[in-house]
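Trainee: This is input07.txt (compact mmCIF, N, CA and C atoms).
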```txt
# COMPACT_ATOMS: atom_id res chain seq x y z
N MET L 497 8.88 15.34 33.51
CA MET L 497 7.75 15.27 32.58
C MET L 497 7.90 14.05 31.68
N VAL L 498 6.82 13.30 31.50
CA VAL L 498 6.84 12.10 30.67
C VAL L 498 6.55 12.50 29.24
N SER L 499 7.37 12.01 28.31
CA SER L 499 7.14 12.35 26.90
C SER L 499 5.87 11.67 26.40
N GLU L 500 5.26 12.27 25.36
CA GLU L 500 4.04 11.70 24.77
C GLU L 500 4.33 10.31 24.23
N GLU L 501 5.51 10.10 23.63
CA GLU L 501 5.85 8.80 23.08
C GLU L 501 5.89 7.74 24.17
N ARG L 502 6.45 8.09 25.33
CA ARG L 502 6.52 7.14 26.44
C ARG L 502 5.13 6.79 26.94
N LYS L 503 4.22 7.77 27.00
CA LYS L 503 2.86 7.50 27.43
C LYS L 503 2.19 6.53 26.47
N VAL L 504 2.41 6.71 25.17
CA VAL L 504 1.83 5.82 24.17
C VAL L 504 2.42 4.43 24.30
N ASP L 505 3.75 4.32 24.40
CA ASP L 505 4.39 3.01 24.47
C ASP L 505 3.96 2.24 25.71
N GLY L 506 3.70 2.93 26.81
CA GLY L 506 3.31 2.27 28.04
C GLY L 506 1.81 2.02 28.15
N SER L 507 1.06 2.46 27.17
CA SER L 507 -0.39 2.30 27.21
C SER L 507 -0.79 0.87 26.86
N PRO L 508 -2.03 0.50 27.18
CA PRO L 508 -2.51 -0.82 26.74
C PRO L 508 -2.44 -0.95 25.22
N LEU L 509 -2.66 0.15 24.51
CA LEU L 509 -2.56 0.11 23.05
C LEU L 509 -1.12 -0.16 22.60
N GLY L 510 -0.17 0.44 23.29
CA GLY L 510 1.23 0.21 22.95
C GLY L 510 1.62 -1.25 23.17
N LYS L 511 1.12 -1.83 24.26
CA LYS L 511 1.40 -3.24 24.53
C LYS L 511 0.71 -4.12 23.49
N GLU L 512 -0.53 -3.78 23.15
CA GLU L 512 -1.26 -4.55 22.13
C GLU L 512 -0.52 -4.49 20.80
N ARG L 513 -0.02 -3.32 20.46
CA ARG L 513 0.74 -3.16 19.20
C ARG L 513 1.96 -4.07 19.21
N GLN L 514 2.70 -4.07 20.32
CA GLN L 514 3.89 -4.91 20.41
C GLN L 514 3.54 -6.39 20.31
N ASP L 515 2.48 -6.80 21.00
CA ASP L 515 2.04 -8.19 20.94
C ASP L 515 1.66 -8.59 19.52
N LEU L 516 0.95 -7.69 18.82
CA LEU L 516 0.54 -7.99 17.44
C LEU L 516 1.75 -8.08 16.51
N LEU L 517 2.72 -7.19 16.68
CA LEU L 517 3.93 -7.25 15.85
C LEU L 517 4.66 -8.58 16.05
N GLU L 518 4.72 -9.04 17.29
CA GLU L 518 5.37 -10.32 17.57
C GLU L 518 4.58 -11.48 16.96
N GLU L 519 3.25 -11.42 17.05
CA GLU L 519 2.41 -12.48 16.48
C GLU L 519 2.53 -12.51 14.95
N ILE L 520 2.55 -11.34 14.34
CA ILE L 520 2.70 -11.26 12.88
C ILE L 520 4.04 -11.84 12.45
N GLU L 521 5.08 -11.50 13.17
CA GLU L 521 6.40 -12.05 12.84
C GLU L 521 6.42 -13.56 13.00
N ARG L 522 5.79 -14.07 14.07
CA ARG L 522 5.73 -15.52 14.30
C ARG L 522 4.98 -16.21 13.15
N LEU L 523 3.84 -15.65 12.76
CA LEU L 523 3.05 -16.26 11.68
C LEU L 523 3.79 -16.20 10.35
N ARG L 524 4.45 -15.10 10.08
CA ARG L 524 5.23 -15.02 8.83
C ARG L 524 6.36 -16.04 8.83
N GLY L 525 6.97 -16.25 10.00
CA GLY L 525 8.01 -17.26 10.11
C GLY L 525 7.47 -18.66 9.84
N LEU L 526 6.29 -18.95 10.39
CA LEU L 526 5.66 -20.25 10.13
C LEU L 526 5.38 -20.44 8.64
N LEU L 527 4.87 -19.40 8.00
CA LEU L 527 4.55 -19.50 6.58
C LEU L 527 5.80 -19.70 5.73
N LYS L 528 6.92 -19.11 6.14
CA LYS L 528 8.17 -19.27 5.40
C LYS L 528 8.72 -20.69 5.51
N THR L 529 8.50 -21.30 6.66
CA THR L 529 9.10 -22.62 6.90
C THR L 529 8.21 -23.77 6.48
N GLU L 530 6.97 -23.47 6.10
CA GLU L 530 6.08 -24.56 5.68
C GLU L 530 6.58 -25.16 4.38
N THR L 531 6.48 -26.46 4.31
CA THR L 531 6.91 -27.15 3.10
C THR L 531 5.82 -27.09 2.05
N ASP L 532 6.17 -27.38 0.82
CA ASP L 532 5.18 -27.44 -0.24
C ASP L 532 4.20 -28.55 0.08
N ALA L 533 2.94 -28.21 0.07
CA ALA L 533 1.91 -29.18 0.40
C ALA L 533 1.47 -29.92 -0.85
N SER L 534 1.02 -31.11 -0.64
CA SER L 534 0.46 -31.90 -1.72
C SER L 534 -0.81 -31.22 -2.21
N THR L 535 -1.13 -31.42 -3.47
CA THR L 535 -2.33 -30.80 -4.02
C THR L 535 -3.57 -31.65 -3.79
N GLN L 536 -3.44 -32.74 -3.07
CA GLN L 536 -4.59 -33.59 -2.81
C GLN L 536 -5.54 -32.89 -1.85
N ASP L 537 -6.84 -33.11 -2.09
CA ASP L 537 -7.85 -32.54 -1.19
C ASP L 537 -7.65 -33.08 0.22
N GLY L 538 -7.87 -32.20 1.18
CA GLY L 538 -7.79 -32.62 2.57
C GLY L 538 -6.39 -32.71 3.13
N ASP L 539 -5.39 -32.28 2.39
CA ASP L 539 -4.01 -32.32 2.88
C ASP L 539 -3.91 -31.41 4.11
N PRO L 540 -3.46 -31.95 5.25
CA PRO L 540 -3.39 -31.14 6.47
C PRO L 540 -2.45 -29.95 6.34
N ASP L 541 -1.41 -30.06 5.50
CA ASP L 541 -0.50 -28.93 5.33
C ASP L 541 -1.19 -27.76 4.65
N ILE L 542 -2.07 -28.04 3.71
CA ILE L 542 -2.81 -26.97 3.04
C ILE L 542 -3.74 -26.30 4.04
N TYR L 543 -4.42 -27.11 4.83
CA TYR L 543 -5.32 -26.56 5.85
C TYR L 543 -4.53 -25.67 6.81
N GLU L 544 -3.41 -26.13 7.28
CA GLU L 544 -2.59 -25.38 8.24
C GLU L 544 -2.11 -24.06 7.63
N ARG L 545 -1.69 -24.10 6.38
CA ARG L 545 -1.22 -22.89 5.70
C ARG L 545 -2.37 -21.88 5.56
N GLU L 546 -3.54 -22.34 5.14
CA GLU L 546 -4.69 -21.46 5.00
C GLU L 546 -5.09 -20.85 6.35
N ARG L 547 -5.03 -21.65 7.37
CA ARG L 547 -5.36 -21.18 8.72
C ARG L 547 -4.37 -20.09 9.16
N ASN L 548 -3.08 -20.35 8.94
CA ASN L 548 -2.06 -19.36 9.31
C ASN L 548 -2.20 -18.08 8.50
N LEU L 549 -2.56 -18.19 7.22
CA LEU L 549 -2.78 -17.01 6.40
C LEU L 549 -3.96 -16.19 6.93
N ALA L 550 -5.03 -16.87 7.34
CA ALA L 550 -6.20 -16.18 7.90
C ALA L 550 -5.83 -15.48 9.20
N PHE L 551 -5.08 -16.15 10.07
CA PHE L 551 -4.64 -15.54 11.32
C PHE L 551 -3.76 -14.32 11.05
N LEU L 552 -2.87 -14.44 10.06
CA LEU L 552 -1.98 -13.34 9.72
C LEU L 552 -2.79 -12.14 9.24
N GLU L 553 -3.75 -12.37 8.37
CA GLU L 553 -4.58 -11.28 7.86
C GLU L 553 -5.34 -10.59 8.99
N ALA L 554 -5.90 -11.39 9.90
CA ALA L 554 -6.64 -10.82 11.03
C ALA L 554 -5.72 -10.00 11.93
N ALA L 555 -4.52 -10.49 12.18
CA ALA L 555 -3.57 -9.77 13.03
C ALA L 555 -3.14 -8.46 12.36
N GLU L 556 -2.94 -8.48 11.06
CA GLU L 556 -2.54 -7.26 10.34
C GLU L 556 -3.67 -6.23 10.36
N GLN L 557 -4.90 -6.67 10.24
CA GLN L 557 -6.04 -5.74 10.30
C GLN L 557 -6.18 -5.15 11.70
N ARG L 558 -5.98 -5.98 12.70
CA ARG L 558 -6.07 -5.48 14.08
C ARG L 558 -4.93 -4.50 14.36
N LEU L 559 -3.73 -4.79 13.83
CA LEU L 559 -2.60 -3.88 14.01
C LEU L 559 -2.90 -2.52 13.38
N GLU L 560 -3.53 -2.51 12.22
CA GLU L 560 -3.93 -1.25 11.58
C GLU L 560 -4.84 -0.45 12.50
N ALA L 561 -5.82 -1.11 13.10
CA ALA L 561 -6.76 -0.43 13.99
C ALA L 561 -6.05 0.10 15.23
N VAL L 562 -5.13 -0.68 15.79
CA VAL L 562 -4.38 -0.25 16.98
C VAL L 562 -3.50 0.95 16.64
N GLU L 563 -2.85 0.91 15.50
CA GLU L 563 -1.99 2.04 15.11
C GLU L 563 -2.81 3.30 14.85
N ARG L 564 -4.01 3.14 14.29
CA ARG L 564 -4.91 4.28 14.09
C ARG L 564 -5.29 4.86 15.46
N ALA L 565 -5.60 3.98 16.42
CA ALA L 565 -5.95 4.44 17.77
C ALA L 565 -4.77 5.13 18.44
N LEU L 566 -3.57 4.61 18.23
CA LEU L 566 -2.37 5.24 18.81
C LEU L 566 -2.17 6.65 18.24
N ARG L 567 -2.46 6.83 16.95
CA ARG L 567 -2.34 8.17 16.35
C ARG L 567 -3.35 9.12 17.00
N THR L 568 -4.57 8.63 17.28
CA THR L 568 -5.55 9.50 17.92
C THR L 568 -5.13 9.82 19.36
N LEU L 569 -4.47 8.87 20.00
CA LEU L 569 -3.95 9.11 21.35
C LEU L 569 -2.90 10.21 21.31
N GLU L 570 -2.02 10.15 20.33
CA GLU L 570 -0.97 11.17 20.19
C GLU L 570 -1.57 12.54 19.88
N LYS L 571 -2.66 12.57 19.10
CA LYS L 571 -3.30 13.84 18.74
C LYS L 571 -4.20 14.38 19.85
N GLY L 572 -4.47 13.55 20.84
CA GLY L 572 -5.34 13.98 21.93
C GLY L 572 -6.81 13.77 21.65
N THR L 573 -7.14 12.98 20.63
CA THR L 573 -8.54 12.73 20.29
C THR L 573 -8.97 11.30 20.59
N TYR L 574 -8.14 10.55 21.29
CA TYR L 574 -8.46 9.17 21.62
C TYR L 574 -9.74 9.13 22.46
N GLY L 575 -10.62 8.20 22.10
CA GLY L 575 -11.86 8.04 22.84
C GLY L 575 -13.01 8.86 22.29
N THR L 576 -12.76 9.57 21.19
CA THR L 576 -13.80 10.36 20.53
C THR L 576 -14.26 9.61 19.29
N CYS L 577 -15.56 9.43 19.16
CA CYS L 577 -16.13 8.71 18.03
C CYS L 577 -15.81 9.45 16.73
N GLU L 578 -15.28 8.72 15.76
CA GLU L 578 -14.91 9.31 14.47
C GLU L 578 -16.13 9.68 13.64
N ARG L 579 -17.28 9.15 13.99
CA ARG L 579 -18.48 9.39 13.19
C ARG L 579 -19.32 10.54 13.75
N CYS L 580 -19.59 10.53 15.06
CA CYS L 580 -20.50 11.53 15.65
C CYS L 580 -19.78 12.56 16.52
N GLY L 581 -18.54 12.27 16.93
CA GLY L 581 -17.78 13.21 17.74
C GLY L 581 -18.04 13.11 19.24
N ARG L 582 -18.95 12.23 19.65
CA ARG L 582 -19.19 12.04 21.09
C ARG L 582 -18.11 11.13 21.68
N GLN L 583 -18.04 11.13 23.00
CA GLN L 583 -17.10 10.26 23.69
C GLN L 583 -17.53 8.80 23.54
N ILE L 584 -16.56 7.93 23.28
CA ILE L 584 -16.82 6.49 23.23
C ILE L 584 -16.95 6.01 24.67
N GLU L 585 -17.90 5.13 24.91
CA GLU L 585 -18.16 4.62 26.24
C GLU L 585 -16.88 4.02 26.83
N PRO L 586 -16.55 4.36 28.10
CA PRO L 586 -15.34 3.82 28.73
C PRO L 586 -15.32 2.29 28.76
N GLU L 587 -16.49 1.67 28.95
CA GLU L 587 -16.55 0.20 28.98
C GLU L 587 -16.17 -0.37 27.61
N ARG L 588 -16.59 0.32 26.55
CA ARG L 588 -16.24 -0.13 25.19
C ARG L 588 -14.74 -0.02 24.97
N LEU L 589 -14.15 1.09 25.39
CA LEU L 589 -12.71 1.27 25.22
C LEU L 589 -11.92 0.27 26.06
N GLU L 590 -12.45 -0.08 27.21
CA GLU L 590 -11.78 -1.07 28.05
C GLU L 590 -11.79 -2.44 27.37
N ALA L 591 -12.92 -2.77 26.76
CA ALA L 591 -13.04 -4.07 26.09
C ALA L 591 -12.35 -4.08 24.73
N LEU L 592 -12.36 -2.95 24.04
CA LEU L 592 -11.81 -2.85 22.69
C LEU L 592 -11.07 -1.52 22.58
N PRO L 593 -9.83 -1.45 23.10
CA PRO L 593 -9.12 -0.17 23.16
C PRO L 593 -8.95 0.53 21.82
N GLU L 594 -8.98 -0.22 20.72
CA GLU L 594 -8.79 0.40 19.41
C GLU L 594 -10.09 0.87 18.77
N ALA L 595 -11.20 0.81 19.52
CA ALA L 595 -12.51 1.22 18.97
C ALA L 595 -12.45 2.66 18.48
N ALA L 596 -12.96 2.88 17.27
CA ALA L 596 -12.98 4.21 16.67
C ALA L 596 -14.39 4.81 16.68
N LEU L 597 -15.38 3.97 16.96
CA LEU L 597 -16.77 4.41 16.95
C LEU L 597 -17.43 4.10 18.29
N CYS L 598 -18.36 4.96 18.69
CA CYS L 598 -19.16 4.65 19.87
C CYS L 598 -20.08 3.48 19.51
N LEU L 599 -20.66 2.87 20.49
CA LEU L 599 -21.49 1.70 20.26
C LEU L 599 -22.68 2.01 19.34
N SER L 600 -23.29 3.16 19.53
CA SER L 600 -24.43 3.54 18.71
C SER L 600 -24.03 3.66 17.24
N CYS L 601 -22.94 4.33 16.97
CA CYS L 601 -22.47 4.48 15.58
C CYS L 601 -22.02 3.15 15.00
N GLN L 602 -21.37 2.32 15.80
CA GLN L 602 -20.93 1.01 15.32
C GLN L 602 -22.14 0.18 14.89
N ARG L 603 -23.18 0.20 15.70
CA ARG L 603 -24.40 -0.54 15.36
C ARG L 603 -25.00 -0.03 14.06
N GLU L 604 -25.04 1.29 13.90
CA GLU L 604 -25.60 1.90 12.69
C GLU L 604 -24.77 1.52 11.46
N VAL L 605 -23.47 1.56 11.57
CA VAL L 605 -22.58 1.19 10.46
C VAL L 605 -22.81 -0.28 10.09
N GLU L 606 -22.90 -1.15 11.09
CA GLU L 606 -23.14 -2.57 10.82
C GLU L 606 -24.51 -2.79 10.20
N ARG L 607 -25.52 -2.05 10.65
CA ARG L 607 -26.86 -2.17 10.09
C ARG L 607 -26.86 -1.74 8.62
N LEU L 608 -26.21 -0.64 8.31
CA LEU L 608 -26.14 -0.16 6.93
C LEU L 608 -25.36 -1.13 6.04
N ALA L 609 -24.28 -1.69 6.57
CA ALA L 609 -23.49 -2.66 5.79
C ALA L 609 -24.31 -3.91 5.53
N SER L 610 -25.07 -4.35 6.53
CA SER L 610 -25.91 -5.53 6.36
C SER L 610 -26.98 -5.29 5.31
N ARG L 611 -27.58 -4.12 5.34
CA ARG L 611 -28.60 -3.76 4.36
C ARG L 611 -27.99 -3.72 2.95
N ALA L 612 -26.79 -3.17 2.83
CA ALA L 612 -26.13 -3.07 1.53
C ALA L 612 -25.82 -4.47 0.98
N ARG L 613 -25.38 -5.39 1.85
CA ARG L 613 -25.08 -6.76 1.41
C ARG L 613 -26.34 -7.46 0.92
N ARG L 614 -27.46 -7.23 1.59
CA ARG L 614 -28.72 -7.88 1.19
C ARG L 614 -29.24 -7.36 -0.12
N SER L 615 -28.91 -6.13 -0.47
CA SER L 615 -29.44 -5.54 -1.71
C SER L 615 -28.61 -5.93 -2.92
N ILE L 616 -27.51 -6.61 -2.72
CA ILE L 616 -26.65 -7.01 -3.84
C ILE L 616 -27.16 -8.28 -4.48
```
Starting from the file, give its structure as structure tokens.
Mentor:
Amino acid sequence: MVSEERKVDGSPLGKERQDLLEEIERLRGLLKTETDASTQDGDPDIYERERNLAFLEAAEQRLEAVERALRTLEKGTYGTCERCGRQIEPERLEALPEAALCLSCQREVERLASRARRSI
């Protein structure tokens, strides 16, 4: 019998998690080794540091989503929309394994967020 942990570690989500952890460590290493940049506008070192910080933030956010999906996999609720409770489309999960919402709910959430931003 295969343990639940082994199934998770061998899953595409488990591989994605490992890849993200490695990328986060690489980016943190780059940020540690960067030298103090000049304060002049257009300094390439400042641009590079800002770019690496943006990549790091994006990787950390994606890691959060992957870990949330792994928890649902462990609980046996992976592939169930967190908003409506219906099954998430298999094509969506194939393209975005950490998806927490079905396509219909994702569109609705994005529409509501867009409306909220416009009203500010």
Trainee: Report as an MDAnalysis selection string all protein, DNA and RNA residues lying within 9 Å of Leu527 in chain L, evaluated on only C-alpha atoms, omitting residues in the same chain fewer than 6 positions from it.
Mentor: chainID L and resid 545 548:549
Trainee: With only N, CA and C atoms as the counted atoms, please give the residues lying no more than 6 Å from Ala596 in chain L, apart from itself and same-chain residues fewer than 2 positions off, as a ChimeraX atom specification.
Mentor: /L:576-579,594,598
Trainee: Give the helix (DSSP H, G or I) residues of chain L, as assigned by DSSP on the backbone, as a short mmCIF file (atom, residue, chain, number, x, y, z; two decimals) with N, CA and C atoms, in the coordinates of the input.
Mentor:
```cif
data_model
loop_
_atom_site.label_atom_id
_atom_site.label_comp_id
_atom_site.auth_asym_id
_atom_site.auth_seq_id
_atom_site.Cartn_x
_atom_site.Cartn_y
_atom_site.Cartn_z
N GLU L 500 5.26 12.27 25.36
CA GLU L 500 4.04 11.70 24.77
C GLU L 500 4.33 10.31 24.23
N GLU L 501 5.51 10.10 23.63
CA GLU L 501 5.85 8.80 23.08
C GLU L 501 5.89 7.74 24.17
N ARG L 502 6.45 8.09 25.33
CA ARG L 502 6.52 7.14 26.44
C ARG L 502 5.13 6.79 26.94
N LYS L 503 4.22 7.77 27.00
CA LYS L 503 2.86 7.50 27.43
C LYS L 503 2.19 6.53 26.47
N VAL L 504 2.41 6.71 25.17
CA VAL L 504 1.83 5.82 24.17
C VAL L 504 2.42 4.43 24.30
N ASP L 505 3.75 4.32 24.40
CA ASP L 505 4.39 3.01 24.47
C ASP L 505 3.96 2.24 25.71
N PRO L 508 -2.03 0.50 27.18
CA PRO L 508 -2.51 -0.82 26.74
C PRO L 508 -2.44 -0.95 25.22
N LEU L 509 -2.66 0.15 24.51
CA LEU L 509 -2.56 0.11 23.05
C LEU L 509 -1.12 -0.16 22.60
N GLY L 510 -0.17 0.44 23.29
CA GLY L 510 1.23 0.21 22.95
C GLY L 510 1.62 -1.25 23.17
N LYS L 511 1.12 -1.83 24.26
CA LYS L 511 1.40 -3.24 24.53
C LYS L 511 0.71 -4.12 23.49
N GLU L 512 -0.53 -3.78 23.15
CA GLU L 512 -1.26 -4.55 22.13
C GLU L 512 -0.52 -4.49 20.80
N ARG L 513 -0.02 -3.32 20.46
CA ARG L 513 0.74 -3.16 19.20
C ARG L 513 1.96 -4.07 19.21
N GLN L 514 2.70 -4.07 20.32
CA GLN L 514 3.89 -4.91 20.41
C GLN L 514 3.54 -6.39 20.31
N ASP L 515 2.48 -6.80 21.00
CA ASP L 515 2.04 -8.19 20.94
C ASP L 515 1.66 -8.59 19.52
N LEU L 516 0.95 -7.69 18.82
CA LEU L 516 0.54 -7.99 17.44
C LEU L 516 1.75 -8.08 16.51
N LEU L 517 2.72 -7.19 16.68
CA LEU L 517 3.93 -7.25 15.85
C LEU L 517 4.66 -8.58 16.05
N GLU L 518 4.72 -9.04 17.29
CA GLU L 518 5.37 -10.32 17.57
C GLU L 518 4.58 -11.48 16.96
N GLU L 519 3.25 -11.42 17.05
CA GLU L 519 2.41 -12.48 16.48
C GLU L 519 2.53 -12.51 14.95
N ILE L 520 2.55 -11.34 14.34
CA ILE L 520 2.70 -11.26 12.88
C ILE L 520 4.04 -11.84 12.45
N GLU L 521 5.08 -11.50 13.17
CA GLU L 521 6.40 -12.05 12.84
C GLU L 521 6.42 -13.56 13.00
N ARG L 522 5.79 -14.07 14.07
CA ARG L 522 5.73 -15.52 14.30
C ARG L 522 4.98 -16.21 13.15
N LEU L 523 3.84 -15.65 12.76
CA LEU L 523 3.05 -16.26 11.68
C LEU L 523 3.79 -16.20 10.35
N ARG L 524 4.45 -15.10 10.08
CA ARG L 524 5.23 -15.02 8.83
C ARG L 524 6.36 -16.04 8.83
N GLY L 525 6.97 -16.25 10.00
CA GLY L 525 8.01 -17.26 10.11
C GLY L 525 7.47 -18.66 9.84
N LEU L 526 6.29 -18.95 10.39
CA LEU L 526 5.66 -20.25 10.13
C LEU L 526 5.38 -20.44 8.64
N LEU L 527 4.87 -19.40 8.00
CA LEU L 527 4.55 -19.50 6.58
C LEU L 527 5.80 -19.70 5.73
N LYS L 528 6.92 -19.11 6.14
CA LYS L 528 8.17 -19.27 5.40
C LYS L 528 8.72 -20.69 5.51
N THR L 529 8.50 -21.30 6.66
CA THR L 529 9.10 -22.62 6.90
C THR L 529 8.21 -23.77 6.48
N PRO L 540 -3.46 -31.95 5.25
CA PRO L 540 -3.39 -31.14 6.47
C PRO L 540 -2.45 -29.95 6.34
N ASP L 541 -1.41 -30.06 5.50
CA ASP L 541 -0.50 -28.93 5.33
C ASP L 541 -1.19 -27.76 4.65
N ILE L 542 -2.07 -28.04 3.71
CA ILE L 542 -2.81 -26.97 3.04
C ILE L 542 -3.74 -26.30 4.04
N TYR L 543 -4.42 -27.11 4.83
CA TYR L 543 -5.32 -26.56 5.85
C TYR L 543 -4.53 -25.67 6.81
N GLU L 544 -3.41 -26.13 7.28
CA GLU L 544 -2.59 -25.38 8.24
C GLU L 544 -2.11 -24.06 7.63
N ARG L 545 -1.69 -24.10 6.38
CA ARG L 545 -1.22 -22.89 5.70
C ARG L 545 -2.37 -21.88 5.56
N GLU L 546 -3.54 -22.34 5.14
CA GLU L 546 -4.69 -21.46 5.00
C GLU L 546 -5.09 -20.85 6.35
N ARG L 547 -5.03 -21.65 7.37
CA ARG L 547 -5.36 -21.18 8.72
C ARG L 547 -4.37 -20.09 9.16
N ASN L 548 -3.08 -20.35 8.94
CA ASN L 548 -2.06 -19.36 9.31
C ASN L 548 -2.20 -18.08 8.50
N LEU L 549 -2.56 -18.19 7.22
CA LEU L 549 -2.78 -17.01 6.40
C LEU L 549 -3.96 -16.19 6.93
N ALA L 550 -5.03 -16.87 7.34
CA ALA L 550 -6.20 -16.18 7.90
C ALA L 550 -5.83 -15.48 9.20
N PHE L 551 -5.08 -16.15 10.07
CA PHE L 551 -4.64 -15.54 11.32
C PHE L 551 -3.76 -14.32 11.05
N LEU L 552 -2.87 -14.44 10.06
CA LEU L 552 -1.98 -13.34 9.72
C LEU L 552 -2.79 -12.14 9.24
N GLU L 553 -3.75 -12.37 8.37
CA GLU L 553 -4.58 -11.28 7.86
C GLU L 553 -5.34 -10.59 8.99
N ALA L 554 -5.90 -11.39 9.90
CA ALA L 554 -6.64 -10.82 11.03
C ALA L 554 -5.72 -10.00 11.93
N ALA L 555 -4.52 -10.49 12.18
CA ALA L 555 -3.57 -9.77 13.03
C ALA L 555 -3.14 -8.46 12.36
N GLU L 556 -2.94 -8.48 11.06
CA GLU L 556 -2.54 -7.26 10.34
C GLU L 556 -3.67 -6.23 10.36
N GLN L 557 -4.90 -6.67 10.24
CA GLN L 557 -6.04 -5.74 10.30
C GLN L 557 -6.18 -5.15 11.70
N ARG L 558 -5.98 -5.98 12.70
CA ARG L 558 -6.07 -5.48 14.08
C ARG L 558 -4.93 -4.50 14.36
N LEU L 559 -3.73 -4.79 13.83
CA LEU L 559 -2.60 -3.88 14.01
C LEU L 559 -2.90 -2.52 13.38
N GLU L 560 -3.53 -2.51 12.22
CA GLU L 560 -3.93 -1.25 11.58
C GLU L 560 -4.84 -0.45 12.50
N ALA L 561 -5.82 -1.11 13.10
CA ALA L 561 -6.76 -0.43 13.99
C ALA L 561 -6.05 0.10 15.23
N VAL L 562 -5.13 -0.68 15.79
CA VAL L 562 -4.38 -0.25 16.98
C VAL L 562 -3.50 0.95 16.64
N GLU L 563 -2.85 0.91 15.50
CA GLU L 563 -1.99 2.04 15.11
C GLU L 563 -2.81 3.30 14.85
N ARG L 564 -4.01 3.14 14.29
CA ARG L 564 -4.91 4.28 14.09
C ARG L 564 -5.29 4.86 15.46
N ALA L 565 -5.60 3.98 16.42
CA ALA L 565 -5.95 4.44 17.77
C ALA L 565 -4.77 5.13 18.44
N LEU L 566 -3.57 4.61 18.23
CA LEU L 566 -2.37 5.24 18.81
C LEU L 566 -2.17 6.65 18.24
N ARG L 567 -2.46 6.83 16.95
CA ARG L 567 -2.34 8.17 16.35
C ARG L 567 -3.35 9.12 17.00
N THR L 568 -4.57 8.63 17.28
CA THR L 568 -5.55 9.50 17.92
C THR L 568 -5.13 9.82 19.36
N LEU L 569 -4.47 8.87 20.00
CA LEU L 569 -3.95 9.11 21.35
C LEU L 569 -2.90 10.21 21.31
N GLU L 570 -2.02 10.15 20.33
CA GLU L 570 -0.97 11.17 20.19
C GLU L 570 -1.57 12.54 19.88
N LYS L 571 -2.66 12.57 19.10
CA LYS L 571 -3.30 13.84 18.74
C LYS L 571 -4.20 14.38 19.85
N PRO L 586 -16.55 4.36 28.10
CA PRO L 586 -15.34 3.82 28.73
C PRO L 586 -15.32 2.29 28.76
N GLU L 587 -16.49 1.67 28.95
CA GLU L 587 -16.55 0.20 28.98
C GLU L 587 -16.17 -0.37 27.61
N ARG L 588 -16.59 0.32 26.55
CA ARG L 588 -16.24 -0.13 25.19
C ARG L 588 -14.74 -0.02 24.97
N LEU L 589 -14.15 1.09 25.39
CA LEU L 589 -12.71 1.27 25.22
C LEU L 589 -11.92 0.27 26.06
N GLU L 590 -12.45 -0.08 27.21
CA GLU L 590 -11.78 -1.07 28.05
C GLU L 590 -11.79 -2.44 27.37
N ALA L 591 -12.92 -2.77 26.76
CA ALA L 591 -13.04 -4.07 26.09
C ALA L 591 -12.35 -4.08 24.73
N LEU L 599 -20.66 2.87 20.49
CA LEU L 599 -21.49 1.70 20.26
C LEU L 599 -22.68 2.01 19.34
N SER L 600 -23.29 3.16 19.53
CA SER L 600 -24.43 3.54 18.71
C SER L 600 -24.03 3.66 17.24
N CYS L 601 -22.94 4.33 16.97
CA CYS L 601 -22.47 4.48 15.58
C CYS L 601 -22.02 3.15 15.00
N GLN L 602 -21.37 2.32 15.80
CA GLN L 602 -20.93 1.01 15.32
C GLN L 602 -22.14 0.18 14.89
N ARG L 603 -23.18 0.20 15.70
CA ARG L 603 -24.40 -0.54 15.36
C ARG L 603 -25.00 -0.03 14.06
N GLU L 604 -25.04 1.29 13.90
CA GLU L 604 -25.60 1.90 12.69
C GLU L 604 -24.77 1.52 11.46
N VAL L 605 -23.47 1.56 11.57
CA VAL L 605 -22.58 1.19 10.46
C VAL L 605 -22.81 -0.28 10.09
N GLU L 606 -22.90 -1.15 11.09
CA GLU L 606 -23.14 -2.57 10.82
C GLU L 606 -24.51 -2.79 10.20
N ARG L 607 -25.52 -2.05 10.65
CA ARG L 607 -26.86 -2.17 10.09
C ARG L 607 -26.86 -1.74 8.62
N LEU L 608 -26.21 -0.64 8.31
CA LEU L 608 -26.14 -0.16 6.93
C LEU L 608 -25.36 -1.13 6.04
N ALA L 609 -24.28 -1.69 6.57
CA ALA L 609 -23.49 -2.66 5.79
C ALA L 609 -24.31 -3.91 5.53
N SER L 610 -25.07 -4.35 6.53
CA SER L 610 -25.91 -5.53 6.36
C SER L 610 -26.98 -5.29 5.31
N ARG L 611 -27.58 -4.12 5.34
CA ARG L 611 -28.60 -3.76 4.36
C ARG L 611 -27.99 -3.72 2.95
N ALA L 612 -26.79 -3.17 2.83
CA ALA L 612 -26.13 -3.07 1.53
C ALA L 612 -25.82 -4.47 0.98
N ARG L 613 -25.38 -5.39 1.85
CA ARG L 613 -25.08 -6.76 1.41
C ARG L 613 -26.34 -7.46 0.92
N ARG L 614 -27.46 -7.23 1.59
CA ARG L 614 -28.72 -7.88 1.19
C ARG L 614 -29.24 -7.36 -0.12
#
```
Trainee: Could you state the separation of atom N of Ala609 in chain L and CA of Leu597 in chain L in Å, given to one decimal place?
Mentor: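 For atom N of Ala609 in chain L relative to CA of Leu597 in chain L, the distance reads 14.2 Å.
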Trainee: Between atom N of Leu589 in chain L and CA of Arg564 in chain L, what is the spacing in Å?
Mentor: 14.9 Å
Trainee: May I ask which of the residues L:Leu599, L:Arg607, L:Ile520, L:Pro508 is the closest one to Glu556 in chain L, counting only N, CA and C atoms?
Mentor: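 For Glu556 in chain L, the nearest of the given residues is L:Ile520.
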Trainee: Could you state the separation of atom N of Ala565 in chain L and atom N of Leu608 in chain L in Å, given to one decimal place?
Mentor: 22.6 Å
Trainee: Env of Leu566 in chain L: 8 Å cut, atoms = only C-alpha atoms, seq-sep filter 4 positions within chain, self excluded. Answer as a list in words.
Mentor: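 Near neighbours after the sequence-gap exclusion: Val504, Leu509, Gly510, Val562, Glu570 and Tyr574 of chain L.
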Trainee: Centre and edge lengths, as JSON, for the axis-aligned box enclosing every listed atom of range 582-597 of chain L with 6 Å of padding on each of the six sides, in Å to one decimal?
Mentor:
```
{"center_x": -14.0, "center_y": 4.1, "center_z": 22.8, "size_x": 22.4, "size_y": 28.3, "size_z": 24.3}
```
